[in-house]
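Working notes, beginning with the structure itself.
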Amino acid sequence: MQHQKNLFDLPQDITYLNCAYMSPQLKSVTEIGTRSVLRKARPNEILPEHFFDQRTVLKQRFASLIDALDYRNTAIIPSVSYGIANAAKNTPLKKGDEIILVDEQFPSNFYVWQDVAKDHGAVIKTITPPAEFNQRGQQWNEAILSAITSKTAVVAMANVHWADGTLYDLKAIREKTKAVHALLVIDGTQSIGALPFSIQEVDVDALVCGGYKWMLGPYAIGMAYYGEAYHQGTPIEHNWMNRHNSEDFNNLTQYEDRYQVKAARFSVGESSNFVLTPMLIDAIDQLLKWTPENIQNYTRQISKKAITRLQELGCYIENETHRSNHLFGIYLPSHINIDKVKTKLKQENIIVSYRGNAIRVSPHLYNTEDDFNRFASLFA
Ligand SMILES: Cc1ncc(COP(=O)(O)O)c(C=O)c1O
C-alpha cells in the first residue's frame with residue numbers, strides 16, 4: 001500500500017505521528033462538512049425523513065466496520081463518557097460485586113464506574129501492569145484474566161491501552177467473563193478504524209468509540225454498539241426520536257412507552273446532526289475501502305526499522321504480539337534524557353504525545369518510513 005498523504009490537508013512542514021490525540025481530517029470529509037453547514041440556510045429543504053435517513057446510514061457503516069450483523073445494535077453518541085454512562089447505568093450491580101478496570105485507563109471509562117460503584121456498594125478492582133519491562137503485555141493480560149472471578153459483575157477496559165498501545169486479549173477475556181456471567185464493556189476509541197475488530201468473533205456487551213481519532217471523523221460524534229444485555233435498559237436521557245413511531249411527526253405527543261428496537265434508545269438527542277453525521281459517514285466509508293487490516297500492515301512496515309533501532313538503543317517497546325502498530329509507547333532507558341528528546345522533536349516539528357512515562361507514537365496512512373527514520377535518529 002502507498003501512503004495516502006494526498007487525501008489529507010496536513011501542513012508540509014510537520015511530521016504528524018499523533019493520530020491517537022486527534023486525526024487530521026480527510027479532504028473529502030472537510031468538503032462534506034462545509035456543504036452540510038450551508039444546508040441549514042434552506043431549512044425548507046430539510047424534510048422529516050432527513051431526520052432519520054443519514055442516521056441509519058451511519059449506523060450501517062459503523063456496523064460494517066466492527067463486523068456486526070445488525071446495525072440496530074448501534075447508537076450515535078456525542079462522546080465516550082456518554083456511551084459508557086449508558087452502559088454503566090444499566091449494568092446490574094449489588095453490594096460486594098466487583099467492577100474490573102485496567103490501570104490508568106481513560107477517565108471517560110473510569111469516573112462513571114466509580115459513581116455506580118458508590119451507589120450500589122460495589123468494589124472497583126484495578127489491574128496494574130507488572131513493574132518490570134519484560135513480557136509486560138503478556139503478564140498484564142494474565143493478571144486481568146486471573147482477576148475475573150465469580151465476584152466480577154463487569155469488566156470495563158479498552159482493547160488497546162491509550163497511553164502505550166498494549167493489546168489486550170479480548171477473546172480470552174470474553175470467554176472468562178462469560179464463564180462467570182460478567183458483562184464486558186470496551187472503550188474502542190483508540191483502536192476501532194485502525195485495528196480489525198469483529199463483534200461476531202468477540203461479542204462484547206458494549207463497544208464505545210469516539211469518532212475523532214481512528215474513525216477519522218469530526219469532534220463531538222462517536223458510535224457505540226450495545227448487545228442484548230443492554231436492550232431493555234433505561235437510557236440516560238429521553239430523546240423523542242428514540243421512541244417507537246417517532247417518524248410520525250403529526251403524532252409526537254401521543255407519548256410512547258416503547259422505544260425503537262434494540263440499541264436505538266441509547267442514541268444522543270438530535271443524533272440526526274446534519275453536519276457531523278454525514279462527515280463521519282464519509283470518513284468510515286474511506287476506512288472501509290482501506291480496511292483496518294491494511295492500516296495495521298502499513299503502519300507495521302513503516303515503523304519496523306525505527307523500532308529495531310530504538311530497541312537497540314535500550315528503549316522498551318512492547319513486542320509485536322502484545323501491542324498495536326498504529327499506536328505504541330516508547331519507554332526510555334536511563335541514559336536517554338526525555339527532555340532532550342522532547343526538545344529535538346519540537347525543533348524538527350515531529351509531533352507525538354507524552355502519556356504516563358511513555359512517548360506515544362501513533363502513525364497512519366499519511367506517514368512514511370522516512371518520518372520514522374527521522375524520528376528515531378533524534379534518540380541517539
Ligand atoms: C481511550 C480514550 N477514550 C476516550 C477518549 C475521549 O473521551 P470523551 O469522548 O469522553 O471525551 C479518549 C481521548 O483521548 C481516549 O484516548
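Labels used: A, B, ... for chains in the order of the C-alpha cells, numbers from 1 for residues in each chain, and numbers from 1 for ligands as shown.
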Can you tell me, as a VMD selection string, what residues are no more than 12 Å from Thr128 of chain A when counting only C-alpha atoms, ignoring any on the same chain fewer than 2 positions away?
chain A and resid 100 to 105 125 to 126 130 to 132 136 to 137 139 to 144 147 161
Which residues form the shell of 8 Å around ligand 1 when you count only C-alpha atoms and all ligand atoms, given as a PyMOL selection string?
chain A and resi 20-22+78-82+105-109+158+161-163+187-190+209-210+220+222
Report as JSON lines: every residue of segment 7-73 of chain A with an atom at most 12 Å from segment 232-247 of chain A, its closest pair of atoms, and their distance in Å to one decimal, counting only C-alpha atoms, with rows sorted by chain and ascending residue number.
{"residue": "A:Leu47", "atom": "CA", "partner": "A:Glu247", "partner_atom": "CA", "distance": 11.3}
{"residue": "A:Pro48", "atom": "CA", "partner": "A:Glu247", "partner_atom": "CA", "distance": 7.6}
{"residue": "A:Glu49", "atom": "CA", "partner": "A:Glu247", "partner_atom": "CA", "distance": 7.4}
{"residue": "A:His50", "atom": "CA", "partner": "A:Glu247", "partner_atom": "CA", "distance": 10.2}
{"residue": "A:Phe51", "atom": "CA", "partner": "A:Glu247", "partner_atom": "CA", "distance": 8.6}
{"residue": "A:Phe52", "atom": "CA", "partner": "A:Glu247", "partner_atom": "CA", "distance": 7.8}
{"residue": "A:Asp53", "atom": "CA", "partner": "A:Glu247", "partner_atom": "CA", "distance": 10.6}
{"residue": "A:Arg55", "atom": "CA", "partner": "A:Met241", "partner_atom": "CA", "distance": 11.0}
{"residue": "A:Arg72", "atom": "CA", "partner": "A:Asn242", "partner_atom": "CA", "distance": 11.8}
Store the residues picked out above in a file with C-alpha atoms, as an mmCIF file, in the first residue's frame.
data_model
loop_
_atom_site.group_PDB
_atom_site.id
_atom_site.type_symbol
_atom_site.label_atom_id
_atom_site.label_comp_id
_atom_site.auth_asym_id
_atom_site.auth_seq_id
_atom_site.Cartn_x
_atom_site.Cartn_y
_atom_site.Cartn_z
ATOM 1 C CA LEU A 47 -37.648 17.214 5.355
ATOM 2 C CA PRO A 48 -38.900 14.982 8.188
ATOM 3 C CA GLU A 49 -37.354 11.875 6.574
ATOM 4 C CA HIS A 50 -33.937 13.574 6.634
ATOM 5 C CA PHE A 51 -34.014 13.410 10.433
ATOM 6 C CA PHE A 52 -33.712 9.649 10.074
ATOM 7 C CA ASP A 53 -32.064 8.607 6.824
ATOM 8 C CA ARG A 55 -28.551 8.202 10.990
ATOM 9 C CA ARG A 72 -29.822 -1.749 15.012
#
I want to know what sits within 8 Å of Gln296 of chain A, based on only C-alpha atoms, with residues of the same chain fewer than 2 positions away left out; could you give that as a list in words?
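Here the answer would be Ala194, Leu195, Pro292, Glu293, Asn294, Tyr298, Thr299, Arg300, Ser324, Asn325 and His326 of chain A.
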With N, CA and C atoms retained, could you export that selection as a PDB file, in the first residue's frame?
ATOM      1  N   ALA A 194      -8.655   1.459  12.972  1.00  0.00           N
ATOM      2  CA  ALA A 194      -7.260   1.172  12.611  1.00  0.00           C
ATOM      3  C   ALA A 194      -6.859  -0.268  12.917  1.00  0.00           C
ATOM      4  N   LEU A 195      -7.621  -0.917  13.772  1.00  0.00           N
ATOM      5  CA  LEU A 195      -7.297  -2.289  14.180  1.00  0.00           C
ATOM      6  C   LEU A 195      -8.517  -3.161  13.876  1.00  0.00           C
ATOM      7  N   PRO A 292      -9.012  -1.766   8.069  1.00  0.00           N
ATOM      8  CA  PRO A 292      -8.127  -1.719   9.241  1.00  0.00           C
ATOM      9  C   PRO A 292      -6.930  -2.684   9.111  1.00  0.00           C
ATOM     10  N   GLU A 293      -7.128  -3.822   8.451  1.00  0.00           N
ATOM     11  CA  GLU A 293      -6.010  -4.774   8.244  1.00  0.00           C
ATOM     12  C   GLU A 293      -4.874  -4.086   7.513  1.00  0.00           C
ATOM     13  N   ASN A 294      -5.208  -3.380   6.438  1.00  0.00           N
ATOM     14  CA  ASN A 294      -4.167  -2.697   5.658  1.00  0.00           C
ATOM     15  C   ASN A 294      -3.513  -1.580   6.468  1.00  0.00           C
ATOM     16  N   TYR A 298       0.419  -1.509   7.034  1.00  0.00           N
ATOM     17  CA  TYR A 298       1.185  -0.348   6.575  1.00  0.00           C
ATOM     18  C   TYR A 298       1.958   0.273   7.735  1.00  0.00           C
ATOM     19  N   THR A 299       1.289   0.477   8.867  1.00  0.00           N
ATOM     20  CA  THR A 299       1.983   1.119   9.993  1.00  0.00           C
ATOM     21  C   THR A 299       3.062   0.186  10.565  1.00  0.00           C
ATOM     22  N   ARG A 300       2.875  -1.119  10.436  1.00  0.00           N
ATOM     23  CA  ARG A 300       3.927  -2.053  10.867  1.00  0.00           C
ATOM     24  C   ARG A 300       5.166  -1.881   9.974  1.00  0.00           C
ATOM     25  N   SER A 324      -0.232  -2.730  19.503  1.00  0.00           N
ATOM     26  CA  SER A 324      -0.735  -2.404  18.170  1.00  0.00           C
ATOM     27  C   SER A 324       0.372  -1.742  17.366  1.00  0.00           C
ATOM     28  N   ASN A 325       0.177  -1.683  16.041  1.00  0.00           N
ATOM     29  CA  ASN A 325       1.151  -0.999  15.180  1.00  0.00           C
ATOM     30  C   ASN A 325       0.798   0.466  14.964  1.00  0.00           C
ATOM     31  N   HIS A 326      -0.481   0.791  15.111  1.00  0.00           N
ATOM     32  CA  HIS A 326      -0.898   2.173  14.863  1.00  0.00           C
ATOM     33  C   HIS A 326      -0.694   3.046  16.104  1.00  0.00           C
TER      34      HIS A 326
END
Nearest to Ser362 of chain A by atom-to-atom distance, counting only C-alpha atoms, from A:Ser191, A:Ser272, A:Thr152, A:Asn90
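Smallest separation from Ser362 of chain A among the options: A:Ser191.
If you measure from each of A:Gly193, A:Pro43, A:Gly96, A:Gly211 to Gly83 of chain A using only C-alpha atoms, the closest one turns out to be A:Gly211.
Of the listed residues (A:Lys27, A:Ala264, A:Phe274, A:Leu332), A:Phe274 comes nearest to Lys40 of chain A; the distances count only C-alpha atoms.
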Selection near Ala88 of chain A, 9 Å with only C-alpha atoms, sequence-local residues under 4 positions removed, as a list in words:
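Residues meeting the cut-off are Gly83, Ile84, Pro92, Val112, Trp113, Val116 and Val185 of chain A.
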What would the file look like if the residues just selected were written as a PDB file, in the first residue's frame with N, CA and C atoms?
ATOM      1  N   GLY A  83     -21.500   7.336  26.088  1.00  0.00           N
ATOM      2  CA  GLY A  83     -21.753   5.933  25.722  1.00  0.00           C
ATOM      3  C   GLY A  83     -21.484   4.983  26.873  1.00  0.00           C
ATOM      4  N   ILE A  84     -20.431   5.259  27.639  1.00  0.00           N
ATOM      5  CA  ILE A  84     -20.103   4.390  28.779  1.00  0.00           C
ATOM      6  C   ILE A  84     -21.143   4.604  29.890  1.00  0.00           C
ATOM      7  N   PRO A  92     -26.271  -4.404  35.915  1.00  0.00           N
ATOM      8  CA  PRO A  92     -26.797  -4.796  37.229  1.00  0.00           C
ATOM      9  C   PRO A  92     -25.661  -4.949  38.239  1.00  0.00           C
ATOM     10  N   VAL A 112     -17.407   7.173  35.777  1.00  0.00           N
ATOM     11  CA  VAL A 112     -18.789   6.704  35.894  1.00  0.00           C
ATOM     12  C   VAL A 112     -18.867   5.376  36.654  1.00  0.00           C
ATOM     13  N   TRP A 113     -17.816   4.565  36.526  1.00  0.00           N
ATOM     14  CA  TRP A 113     -17.797   3.291  37.266  1.00  0.00           C
ATOM     15  C   TRP A 113     -17.618   3.550  38.756  1.00  0.00           C
ATOM     16  N   VAL A 116     -21.156   4.567  39.921  1.00  0.00           N
ATOM     17  CA  VAL A 116     -22.147   3.484  40.123  1.00  0.00           C
ATOM     18  C   VAL A 116     -21.687   2.528  41.217  1.00  0.00           C
ATOM     19  N   VAL A 185     -17.472  -4.409  28.816  1.00  0.00           N
ATOM     20  CA  VAL A 185     -17.695  -3.091  28.199  1.00  0.00           C
ATOM     21  C   VAL A 185     -16.345  -2.569  27.709  1.00  0.00           C
TER      22      VAL A 185
END
In Å to one decimal, how far is atom CA of Gln4 of chain A from atom CA of Phe372 of chain A?
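Straight-line distance from atom CA of Phe372 of chain A to atom CA of Gln4 of chain A works out to 15.9 Å.
Between Ala63 of chain A and the residues A:Leu93, A:Tyr226, A:Asn44, A:Ala182, the shortest atom-to-atom distance, using only C-alpha atoms, involves A:Tyr226.
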